[in-house]
file start18.cif (mmCIF, C-alpha atoms)
data_input
loop_
_atom_site.group_PDB
_atom_site.id
_atom_site.type_symbol
_atom_site.label_atom_id
_atom_site.label_comp_id
_atom_site.auth_asym_id
_atom_site.auth_seq_id
_atom_site.Cartn_x
_atom_site.Cartn_y
_atom_site.Cartn_z
ATOM 1 C CA MET J 10 -15.662 -31.395 48.631
ATOM 2 C CA ARG J 11 -13.559 -28.255 48.699
ATOM 3 C CA VAL J 12 -15.410 -24.995 48.266
ATOM 4 C CA ARG J 13 -13.919 -21.539 47.914
ATOM 5 C CA LEU J 14 -15.882 -18.348 48.490
ATOM 6 C CA TYR J 15 -14.077 -15.475 46.784
ATOM 7 C CA GLU J 16 -15.127 -12.236 48.383
ATOM 8 C CA VAL J 17 -15.979 -9.413 46.004
ATOM 9 C CA GLY J 18 -16.867 -5.800 46.704
ATOM 10 C CA ASP J 19 -15.482 -4.127 49.832
ATOM 11 C CA GLY J 20 -13.771 -7.297 51.070
ATOM 12 C CA LYS J 21 -12.453 -8.310 47.664
ATOM 13 C CA GLY J 22 -9.414 -10.481 47.653
ATOM 14 C CA GLN J 23 -10.320 -12.574 50.702
ATOM 15 C CA ILE J 24 -10.766 -16.293 50.066
ATOM 16 C CA HIS J 25 -12.791 -18.407 52.470
ATOM 17 C CA ARG J 26 -11.965 -22.120 52.266
ATOM 18 C CA LEU J 27 -14.698 -24.595 53.212
ATOM 19 C CA GLU J 28 -13.782 -28.259 53.451
ATOM 20 C CA ARG J 29 -16.137 -29.737 56.074
ATOM 21 C CA PHE J 30 -19.904 -29.710 55.779
ATOM 22 C CA PRO J 31 -22.409 -28.714 56.892
ATOM 23 C CA VAL J 32 -21.068 -25.240 57.616
ATOM 24 C CA SER J 33 -23.008 -22.267 58.995
ATOM 25 C CA LEU J 34 -22.296 -18.850 57.563
ATOM 26 C CA CYS J 35 -22.922 -15.963 59.941
ATOM 27 C CA THR J 36 -22.136 -12.279 60.083
ATOM 28 C CA THR J 37 -21.356 -10.212 63.149
ATOM 29 C CA GLU J 38 -22.990 -6.900 63.958
ATOM 30 C CA GLU J 39 -19.903 -5.268 62.407
ATOM 31 C CA GLY J 40 -20.493 -7.249 59.188
ATOM 32 C CA GLU J 41 -17.582 -9.694 59.575
ATOM 33 C CA LEU J 42 -18.060 -13.214 58.223
ATOM 34 C CA CYS J 43 -18.059 -16.122 60.706
ATOM 35 C CA LEU J 44 -17.916 -19.778 59.747
ATOM 36 C CA ASP J 45 -19.084 -21.056 63.125
ATOM 37 C CA VAL J 46 -22.411 -20.805 64.913
ATOM 38 C CA ASP J 47 -20.525 -20.755 68.213
ATOM 39 C CA GLN J 48 -19.117 -17.342 67.339
ATOM 40 C CA GLN J 49 -21.239 -14.290 68.023
ATOM 41 C CA GLY J 50 -23.062 -13.688 64.781
ATOM 42 C CA GLN J 51 -26.346 -13.503 62.938
ATOM 43 C CA LEU J 52 -26.989 -16.900 61.314
ATOM 44 C CA ARG J 53 -27.483 -16.340 57.607
ATOM 45 C CA CYS J 54 -27.404 -19.765 55.974
ATOM 46 C CA VAL J 55 -26.120 -23.318 56.068
ATOM 47 C CA LEU J 56 -24.119 -24.908 53.247
ATOM 48 C CA SER J 57 -24.081 -28.681 52.966
ATOM 49 C CA GLU J 58 -23.083 -31.395 50.539
ATOM 50 C CA ASP J 59 -25.752 -33.616 48.993
ATOM 51 C CA ARG J 60 -24.532 -36.400 46.670
ATOM 52 C CA GLY J 61 -21.712 -34.240 45.326
ATOM 53 C CA ASN J 62 -23.820 -31.090 45.033
ATOM 54 C CA LEU J 63 -23.415 -27.962 47.134
ATOM 55 C CA VAL J 64 -26.734 -26.987 48.742
ATOM 56 C CA ILE J 65 -27.778 -23.825 50.569
ATOM 57 C CA GLU J 66 -30.512 -23.382 53.163
ATOM 58 C CA ASN J 67 -31.441 -19.850 54.190
ATOM 59 C CA ARG J 68 -31.740 -19.357 57.966
ATOM 60 C CA ASP J 69 -31.878 -15.561 57.867
ATOM 61 C CA ASP J 70 -35.077 -14.070 59.241
ATOM 62 C CA ARG J 71 -34.299 -10.706 57.640
ATOM 63 C CA ASP J 72 -34.256 -12.011 54.033
ATOM 64 C CA GLU J 73 -30.668 -10.942 53.406
ATOM 65 C CA VAL J 74 -29.380 -14.056 51.597
ATOM 66 C CA PHE J 75 -29.308 -13.768 47.806
ATOM 67 C CA LEU J 76 -28.277 -16.228 45.110
ATOM 68 C CA ASN J 77 -27.561 -14.527 41.796
ATOM 69 C CA ASN J 78 -29.369 -11.396 43.068
ATOM 70 C CA MET J 79 -32.548 -13.271 44.020
ATOM 71 C CA PRO J 80 -33.703 -13.955 47.618
ATOM 72 C CA ILE J 81 -33.030 -17.680 48.092
ATOM 73 C CA GLU J 82 -34.869 -20.067 50.417
ATOM 74 C CA GLN J 83 -32.962 -23.242 49.515
ATOM 75 C CA GLY J 84 -31.431 -25.056 46.571
ATOM 76 C CA GLY J 85 -28.287 -26.052 44.740
ATOM 77 C CA LEU J 86 -25.272 -23.822 44.190
ATOM 78 C CA MET J 87 -23.244 -24.052 41.015
ATOM 79 C CA PRO J 88 -19.652 -22.946 40.420
ATOM 80 C CA GLY J 89 -19.682 -19.291 39.392
ATOM 81 C CA ASP J 90 -22.849 -18.433 41.323
ATOM 82 C CA SER J 91 -23.009 -15.137 43.186
ATOM 83 C CA LEU J 92 -23.888 -15.389 46.888
ATOM 84 C CA GLN J 93 -24.716 -12.375 49.054
ATOM 85 C CA LEU J 94 -25.057 -12.505 52.848
ATOM 86 C CA GLY J 95 -26.156 -9.177 54.240
ATOM 87 C CA GLY J 96 -23.516 -6.721 53.052
ATOM 88 C CA ARG J 97 -20.982 -9.416 52.005
ATOM 89 C CA ALA J 98 -20.755 -10.748 48.431
ATOM 90 C CA PHE J 99 -18.986 -13.903 47.211
ATOM 91 C CA LEU J 100 -18.277 -15.839 44.062
ATOM 92 C CA VAL J 101 -18.798 -19.584 44.647
ATOM 93 C CA SER J 102 -16.108 -21.932 43.366
ATOM 94 C CA TYR J 103 -15.778 -25.706 43.611
ATOM 95 C CA GLU J 104 -15.065 -28.656 41.367
ATOM 96 C CA ARG J 105 -18.404 -30.212 40.620
ATOM 97 C CA VAL J 106 -18.135 -34.005 40.263
ATOM 98 C CA ALA J 107 -21.790 -35.051 40.635
ATOM 99 C CA ALA J 108 -23.507 -36.601 37.641
ATOM 100 C CA ALA J 109 -26.961 -35.656 38.927
ATOM 101 C CA PRO J 110 -28.180 -32.090 38.513
ATOM 102 C CA PRO J 111 -28.238 -29.906 41.637
ATOM 103 C CA PRO J 112 -31.518 -29.586 43.549
ATOM 104 C CA ASP J 113 -33.904 -26.975 42.202
ATOM 105 C CA CYS J 114 -33.825 -23.590 43.879
ATOM 106 C CA CYS J 115 -36.745 -22.261 45.848
ATOM 107 C CA PHE J 116 -36.717 -18.469 46.019
ATOM 108 C CA ARG J 117 -38.478 -16.193 48.516
ATOM 109 C CA LEU J 118 -40.948 -13.602 47.425
ATOM 110 C CA ALA J 119 -39.441 -10.155 47.767
ATOM 111 C CA GLU J 120 -41.242 -7.474 49.733
ATOM 112 C CA PRO J 121 -42.348 -4.565 47.525
ATOM 113 C CA PRO J 122 -40.593 -1.267 48.221
ATOM 114 C CA MET J 123 -42.571 1.063 50.513
ATOM 115 C CA SER J 124 -42.817 3.623 47.672
ATOM 116 C CA ALA J 125 -44.769 1.060 45.579
ATOM 117 C CA ILE J 126 -47.484 0.641 48.216
#

call {"tool": "encode", "arguments": {"input": "start18.cif", "output": "structure tokens"}}
result
Amino acid sequence: MRVRLYEVGDGKGQIHRLERFPVSLCTTEEGELCLDVDQQGQLRCVLSEDRGNLVIENRDDRDEVFLNNMPIEQGGLMPGDSLQLGGRAFLVSYERVAAAPPPDCCFRLAEPPMSAI
């Protein structure tokens, strides 16, 4: 499976190519994206392949991983989905060849803003 993460927003124009799975996505304190746990970074999530589907598992303890603007826990990614890791935003692209639907997404409950309490 070949996945492309097209960066949008401040880093727009950068393309991150993912061809081996599972892959850990991290960010440094400066906000740079790392594709290796061995690098110094805050682990955000792990992407893996499951029967031809791209699957995400959130590993961020600060709830800063969003799929289509919703805080994701785990589930399937589809081509065209929006993925946000901390301050970085990406458009997910890959050729989907699986006949089975992707796994259902499990979203986290968002914390209410302090002004609502």

call {"tool": "atom_distance", "arguments": {"input": "start18.cif", "atom1": "CA of Glu41 (chain J)", "atom2": "CA of Gly96 (chain J)"}}
result
9.3 Å

call {"tool": "axis_aligned_box", "arguments": {"input": "start18.cif", "around": "region 67-75 of chain J", "padding_each_side": "3 Å", "output": "AutoDock Vina command-line options"}}
result
--center_x -32.2 --center_y -15.3 --center_z 53.5 --size_x 11.8 --size_y 15.1 --size_z 17.4

call {"tool": "resolve_selection", "arguments": {"input": "start18.cif", "expression": "the PyMOL selection byres ((chain J and resi 53) around 7)", "output": "list in words"}}
result
Leu34, Cys35, Gln51, Leu52, Cys54, Asn67, Arg68, Asp69, Val74 and Leu94 of chain J

call {"tool": "residues_near_point", "arguments": {"input": "start18.cif", "point": "(-17.0, -10.9, 44.0)", "cutoff": "6 Å", "atoms": "only C-alpha atoms", "output": "VMD selection string"}}
result
chain J and resid 16 to 18 98 to 100

call {"tool": "resolve_selection", "arguments": {"input": "start18.cif", "expression": "the PyMOL selection byres ((chain J and resi 33) around 7)", "output": "PyMOL selection string"}}
result
chain J and resi 31-32+34-35+44-46+54-56

call {"tool": "resolve_selection", "arguments": {"input": "start18.cif", "expression": "the PyMOL selection byres ((chain J and resi 63) around 6)", "output": "tab-separated table (two decimals) with C-alpha atoms, in the coordinates of the input"}}
result
chain	number	residue	atom	x	y	z
J	57	SER	CA	-24.08	-28.68	52.97
J	58	GLU	CA	-23.08	-31.40	50.54
J	62	ASN	CA	-23.82	-31.09	45.03
J	64	VAL	CA	-26.73	-26.99	48.74
J	85	GLY	CA	-28.29	-26.05	44.74
J	86	LEU	CA	-25.27	-23.82	44.19

call {"tool": "atom_distance", "arguments": {"input": "start18.cif", "atom1": "CA of Arg11 (chain J)", "atom2": "CA of Phe116 (chain J)"}}
result
25.3 Å

call {"tool": "closest_residue", "arguments": {"input": "start18.cif", "among": "J:Pro88, J:Leu42, J:Gln93, J:Gln83", "to": "Ile24 (chain J)", "atoms": "only C-alpha atoms"}}
result
J:Leu42

call {"tool": "atom_distance", "arguments": {"input": "start18.cif", "atom1": "CA of Arg26 (chain J)", "atom2": "CA of Val101 (chain J)"}}
result
10.5 Å

call {"tool": "closest_residue", "arguments": {"input": "start18.cif", "among": "J:Glu38, J:Asp72, J:Asp19, J:Asp59", "to": "Leu118 (chain J)", "atoms": "all atoms listed in the file"}}
result
J:Asp72

call {"tool": "decode", "arguments": {"input": "start18.cif", "residues": "region 75-110 of chain J", "atoms": "N, CA, C and O atoms", "output": "PDB file, in the first residue's frame"}}
result
ATOM      1  N   PHE J  75      -7.081  14.393  15.105  1.00  0.00           N
ATOM      2  CA  PHE J  75      -8.443  14.578  14.622  1.00  0.00           C
ATOM      3  C   PHE J  75      -8.596  13.969  13.236  1.00  0.00           C
ATOM      4  O   PHE J  75      -7.732  14.138  12.376  1.00  0.00           O
ATOM      5  N   LEU J  76      -9.695  13.274  13.024  1.00  0.00           N
ATOM      6  CA  LEU J  76     -10.069  12.765  11.715  1.00  0.00           C
ATOM      7  C   LEU J  76     -11.328  13.500  11.298  1.00  0.00           C
ATOM      8  O   LEU J  76     -12.348  13.446  11.999  1.00  0.00           O
ATOM      9  N   ASN J  77     -11.236  14.221  10.198  1.00  0.00           N
ATOM     10  CA  ASN J  77     -12.372  15.016   9.710  1.00  0.00           C
ATOM     11  C   ASN J  77     -12.948  15.908  10.816  1.00  0.00           C
ATOM     12  O   ASN J  77     -14.150  15.964  11.047  1.00  0.00           O
ATOM     13  N   ASN J  78     -12.037  16.556  11.550  1.00  0.00           N
ATOM     14  CA  ASN J  78     -12.356  17.528  12.605  1.00  0.00           C
ATOM     15  C   ASN J  78     -13.004  16.922  13.844  1.00  0.00           C
ATOM     16  O   ASN J  78     -13.620  17.631  14.629  1.00  0.00           O
ATOM     17  N   MET J  79     -12.872  15.609  14.019  1.00  0.00           N
ATOM     18  CA  MET J  79     -13.401  14.957  15.218  1.00  0.00           C
ATOM     19  C   MET J  79     -12.265  14.213  15.908  1.00  0.00           C
ATOM     20  O   MET J  79     -11.439  13.588  15.243  1.00  0.00           O
ATOM     21  N   PRO J  80     -12.204  14.245  17.248  1.00  0.00           N
ATOM     22  CA  PRO J  80     -11.114  13.568  17.972  1.00  0.00           C
ATOM     23  C   PRO J  80     -11.242  12.047  17.840  1.00  0.00           C
ATOM     24  O   PRO J  80     -12.171  11.445  18.345  1.00  0.00           O
ATOM     25  N   ILE J  81     -10.286  11.448  17.136  1.00  0.00           N
ATOM     26  CA  ILE J  81     -10.349  10.016  16.810  1.00  0.00           C
ATOM     27  C   ILE J  81      -9.630   9.184  17.861  1.00  0.00           C
ATOM     28  O   ILE J  81      -8.599   9.612  18.394  1.00  0.00           O
ATOM     29  N   GLU J  82     -10.165   8.006  18.148  1.00  0.00           N
ATOM     30  CA  GLU J  82      -9.503   7.018  18.997  1.00  0.00           C
ATOM     31  C   GLU J  82      -8.862   5.965  18.092  1.00  0.00           C
ATOM     32  O   GLU J  82      -7.689   5.678  18.207  1.00  0.00           O
ATOM     33  N   GLN J  83      -9.660   5.410  17.179  1.00  0.00           N
ATOM     34  CA  GLN J  83      -9.159   4.431  16.218  1.00  0.00           C
ATOM     35  C   GLN J  83     -10.203   4.230  15.136  1.00  0.00           C
ATOM     36  O   GLN J  83     -11.370   4.576  15.314  1.00  0.00           O
ATOM     37  N   GLY J  84      -9.765   3.677  13.998  1.00  0.00           N
ATOM     38  CA  GLY J  84     -10.701   3.376  12.930  1.00  0.00           C
ATOM     39  C   GLY J  84     -10.060   3.447  11.570  1.00  0.00           C
ATOM     40  O   GLY J  84      -8.850   3.648  11.437  1.00  0.00           O
ATOM     41  N   GLY J  85     -10.878   3.279  10.545  1.00  0.00           N
ATOM     42  CA  GLY J  85     -10.405   3.275   9.170  1.00  0.00           C
ATOM     43  C   GLY J  85     -10.303   4.663   8.577  1.00  0.00           C
ATOM     44  O   GLY J  85     -11.117   5.541   8.881  1.00  0.00           O
ATOM     45  N   LEU J  86      -9.299   4.852   7.741  1.00  0.00           N
ATOM     46  CA  LEU J  86      -9.123   6.103   6.997  1.00  0.00           C
ATOM     47  C   LEU J  86      -9.504   5.858   5.549  1.00  0.00           C
ATOM     48  O   LEU J  86      -9.173   4.811   4.982  1.00  0.00           O
ATOM     49  N   MET J  87     -10.175   6.805   4.964  1.00  0.00           N
ATOM     50  CA  MET J  87     -10.565   6.714   3.562  1.00  0.00           C
ATOM     51  C   MET J  87      -9.808   7.777   2.768  1.00  0.00           C
ATOM     52  O   MET J  87      -9.426   8.818   3.323  1.00  0.00           O
ATOM     53  N   PRO J  88      -9.601   7.528   1.474  1.00  0.00           N
ATOM     54  CA  PRO J  88      -8.993   8.570   0.636  1.00  0.00           C
ATOM     55  C   PRO J  88      -9.829   9.845   0.706  1.00  0.00           C
ATOM     56  O   PRO J  88     -11.064   9.784   0.680  1.00  0.00           O
ATOM     57  N   GLY J  89      -9.160  10.971   0.856  1.00  0.00           N
ATOM     58  CA  GLY J  89      -9.844  12.255   0.961  1.00  0.00           C
ATOM     59  C   GLY J  89     -10.128  12.698   2.382  1.00  0.00           C
ATOM     60  O   GLY J  89     -10.567  13.825   2.604  1.00  0.00           O
ATOM     61  N   ASP J  90      -9.867  11.824   3.360  1.00  0.00           N
ATOM     62  CA  ASP J  90     -10.072  12.205   4.762  1.00  0.00           C
ATOM     63  C   ASP J  90      -9.073  13.281   5.165  1.00  0.00           C
ATOM     64  O   ASP J  90      -7.969  13.364   4.642  1.00  0.00           O
ATOM     65  N   SER J  91      -9.476  14.090   6.125  1.00  0.00           N
ATOM     66  CA  SER J  91      -8.627  15.115   6.711  1.00  0.00           C
ATOM     67  C   SER J  91      -8.077  14.583   8.032  1.00  0.00           C
ATOM     68  O   SER J  91      -8.836  14.081   8.858  1.00  0.00           O
ATOM     69  N   LEU J  92      -6.761  14.662   8.197  1.00  0.00           N
ATOM     70  CA  LEU J  92      -6.096  14.186   9.407  1.00  0.00           C
ATOM     71  C   LEU J  92      -5.323  15.341  10.014  1.00  0.00           C
ATOM     72  O   LEU J  92      -4.575  16.020   9.308  1.00  0.00           O
ATOM     73  N   GLN J  93      -5.506  15.580  11.308  1.00  0.00           N
ATOM     74  CA  GLN J  93      -4.786  16.651  11.990  1.00  0.00           C
ATOM     75  C   GLN J  93      -4.040  16.060  13.175  1.00  0.00           C
ATOM     76  O   GLN J  93      -4.607  15.346  13.993  1.00  0.00           O
ATOM     77  N   LEU J  94      -2.724  16.368  13.238  1.00  0.00           N
ATOM     78  CA  LEU J  94      -1.871  15.931  14.339  1.00  0.00           C
ATOM     79  C   LEU J  94      -1.303  17.177  14.992  1.00  0.00           C
ATOM     80  O   LEU J  94      -0.424  17.818  14.425  1.00  0.00           O
ATOM     81  N   GLY J  95      -1.803  17.519  16.155  1.00  0.00           N
ATOM     82  CA  GLY J  95      -1.350  18.755  16.782  1.00  0.00           C
ATOM     83  C   GLY J  95      -1.653  19.919  15.855  1.00  0.00           C
ATOM     84  O   GLY J  95      -2.781  20.105  15.429  1.00  0.00           O
ATOM     85  N   GLY J  96      -0.627  20.678  15.495  1.00  0.00           N
ATOM     86  CA  GLY J  96      -0.806  21.818  14.606  1.00  0.00           C
ATOM     87  C   GLY J  96      -0.618  21.505  13.131  1.00  0.00           C
ATOM     88  O   GLY J  96      -0.614  22.414  12.307  1.00  0.00           O
ATOM     89  N   ARG J  97      -0.441  20.239  12.760  1.00  0.00           N
ATOM     90  CA  ARG J  97      -0.221  19.840  11.363  1.00  0.00           C
ATOM     91  C   ARG J  97      -1.494  19.243  10.783  1.00  0.00           C
ATOM     92  O   ARG J  97      -2.180  18.466  11.453  1.00  0.00           O
ATOM     93  N   ALA J  98      -1.819  19.589   9.538  1.00  0.00           N
ATOM     94  CA  ALA J  98      -3.024  19.086   8.879  1.00  0.00           C
ATOM     95  C   ALA J  98      -2.655  18.444   7.549  1.00  0.00           C
ATOM     96  O   ALA J  98      -1.793  18.946   6.823  1.00  0.00           O
ATOM     97  N   PHE J  99      -3.328  17.325   7.229  1.00  0.00           N
ATOM     98  CA  PHE J  99      -3.020  16.536   6.038  1.00  0.00           C
ATOM     99  C   PHE J  99      -4.294  16.074   5.348  1.00  0.00           C
ATOM    100  O   PHE J  99      -5.315  15.841   6.003  1.00  0.00           O
ATOM    101  N   LEU J 100      -4.179  15.897   4.050  1.00  0.00           N
ATOM    102  CA  LEU J 100      -5.201  15.232   3.261  1.00  0.00           C
ATOM    103  C   LEU J 100      -4.664  13.836   2.969  1.00  0.00           C
ATOM    104  O   LEU J 100      -3.541  13.687   2.492  1.00  0.00           O
ATOM    105  N   VAL J 101      -5.445  12.804   3.277  1.00  0.00           N
ATOM    106  CA  VAL J 101      -5.030  11.413   3.107  1.00  0.00           C
ATOM    107  C   VAL J 101      -5.334  10.961   1.684  1.00  0.00           C
ATOM    108  O   VAL J 101      -6.440  11.164   1.187  1.00  0.00           O
ATOM    109  N   SER J 102      -4.352  10.327   1.044  1.00  0.00           N
ATOM    110  CA  SER J 102      -4.546   9.833  -0.309  1.00  0.00           C
ATOM    111  C   SER J 102      -3.919   8.451  -0.452  1.00  0.00           C
ATOM    112  O   SER J 102      -2.769   8.244  -0.057  1.00  0.00           O
ATOM    113  N   TYR J 103      -4.689   7.517  -0.978  1.00  0.00           N
ATOM    114  CA  TYR J 103      -4.167   6.199  -1.337  1.00  0.00           C
ATOM    115  C   TYR J 103      -5.186   5.518  -2.236  1.00  0.00           C
ATOM    116  O   TYR J 103      -6.355   5.876  -2.244  1.00  0.00           O
ATOM    117  N   GLU J 104      -4.707   4.541  -2.996  1.00  0.00           N
ATOM    118  CA  GLU J 104      -5.606   3.784  -3.856  1.00  0.00           C
ATOM    119  C   GLU J 104      -6.186   2.646  -3.045  1.00  0.00           C
ATOM    120  O   GLU J 104      -5.480   1.726  -2.625  1.00  0.00           O
ATOM    121  N   ARG J 105      -7.465   2.727  -2.805  1.00  0.00           N
ATOM    122  CA  ARG J 105      -8.134   1.729  -1.983  1.00  0.00           C
ATOM    123  C   ARG J 105      -8.514   0.539  -2.849  1.00  0.00           C
ATOM    124  O   ARG J 105      -9.227   0.672  -3.827  1.00  0.00           O
ATOM    125  N   VAL J 106      -8.020  -0.650  -2.508  1.00  0.00           N
ATOM    126  CA  VAL J 106      -8.283  -1.852  -3.302  1.00  0.00           C
ATOM    127  C   VAL J 106      -9.049  -2.917  -2.516  1.00  0.00           C
ATOM    128  O   VAL J 106      -9.358  -3.971  -3.060  1.00  0.00           O
ATOM    129  N   ALA J 107      -9.374  -2.649  -1.272  1.00  0.00           N
ATOM    130  CA  ALA J 107     -10.074  -3.630  -0.435  1.00  0.00           C
ATOM    131  C   ALA J 107     -11.551  -3.684  -0.807  1.00  0.00           C
ATOM    132  O   ALA J 107     -12.180  -2.657  -1.051  1.00  0.00           O
ATOM    133  N   ALA J 108     -12.089  -4.890  -0.840  1.00  0.00           N
ATOM    134  CA  ALA J 108     -13.515  -5.053  -1.100  1.00  0.00           C
ATOM    135  C   ALA J 108     -14.333  -4.822   0.173  1.00  0.00           C
ATOM    136  O   ALA J 108     -15.466  -4.360   0.113  1.00  0.00           O
ATOM    137  N   ALA J 109     -13.742  -5.147   1.311  1.00  0.00           N
ATOM    138  CA  ALA J 109     -14.436  -4.986   2.591  1.00  0.00           C
ATOM    139  C   ALA J 109     -14.416  -3.522   3.014  1.00  0.00           C
ATOM    140  O   ALA J 109     -13.464  -2.800   2.730  1.00  0.00           O
ATOM    141  N   PRO J 110     -15.463  -3.077   3.693  1.00  0.00           N
ATOM    142  CA  PRO J 110     -15.465  -1.702   4.184  1.00  0.00           C
ATOM    143  C   PRO J 110     -14.395  -1.513   5.253  1.00  0.00           C
ATOM    144  O   PRO J 110     -13.984  -2.478   5.907  1.00  0.00           O
TER     145      PRO J 110
END
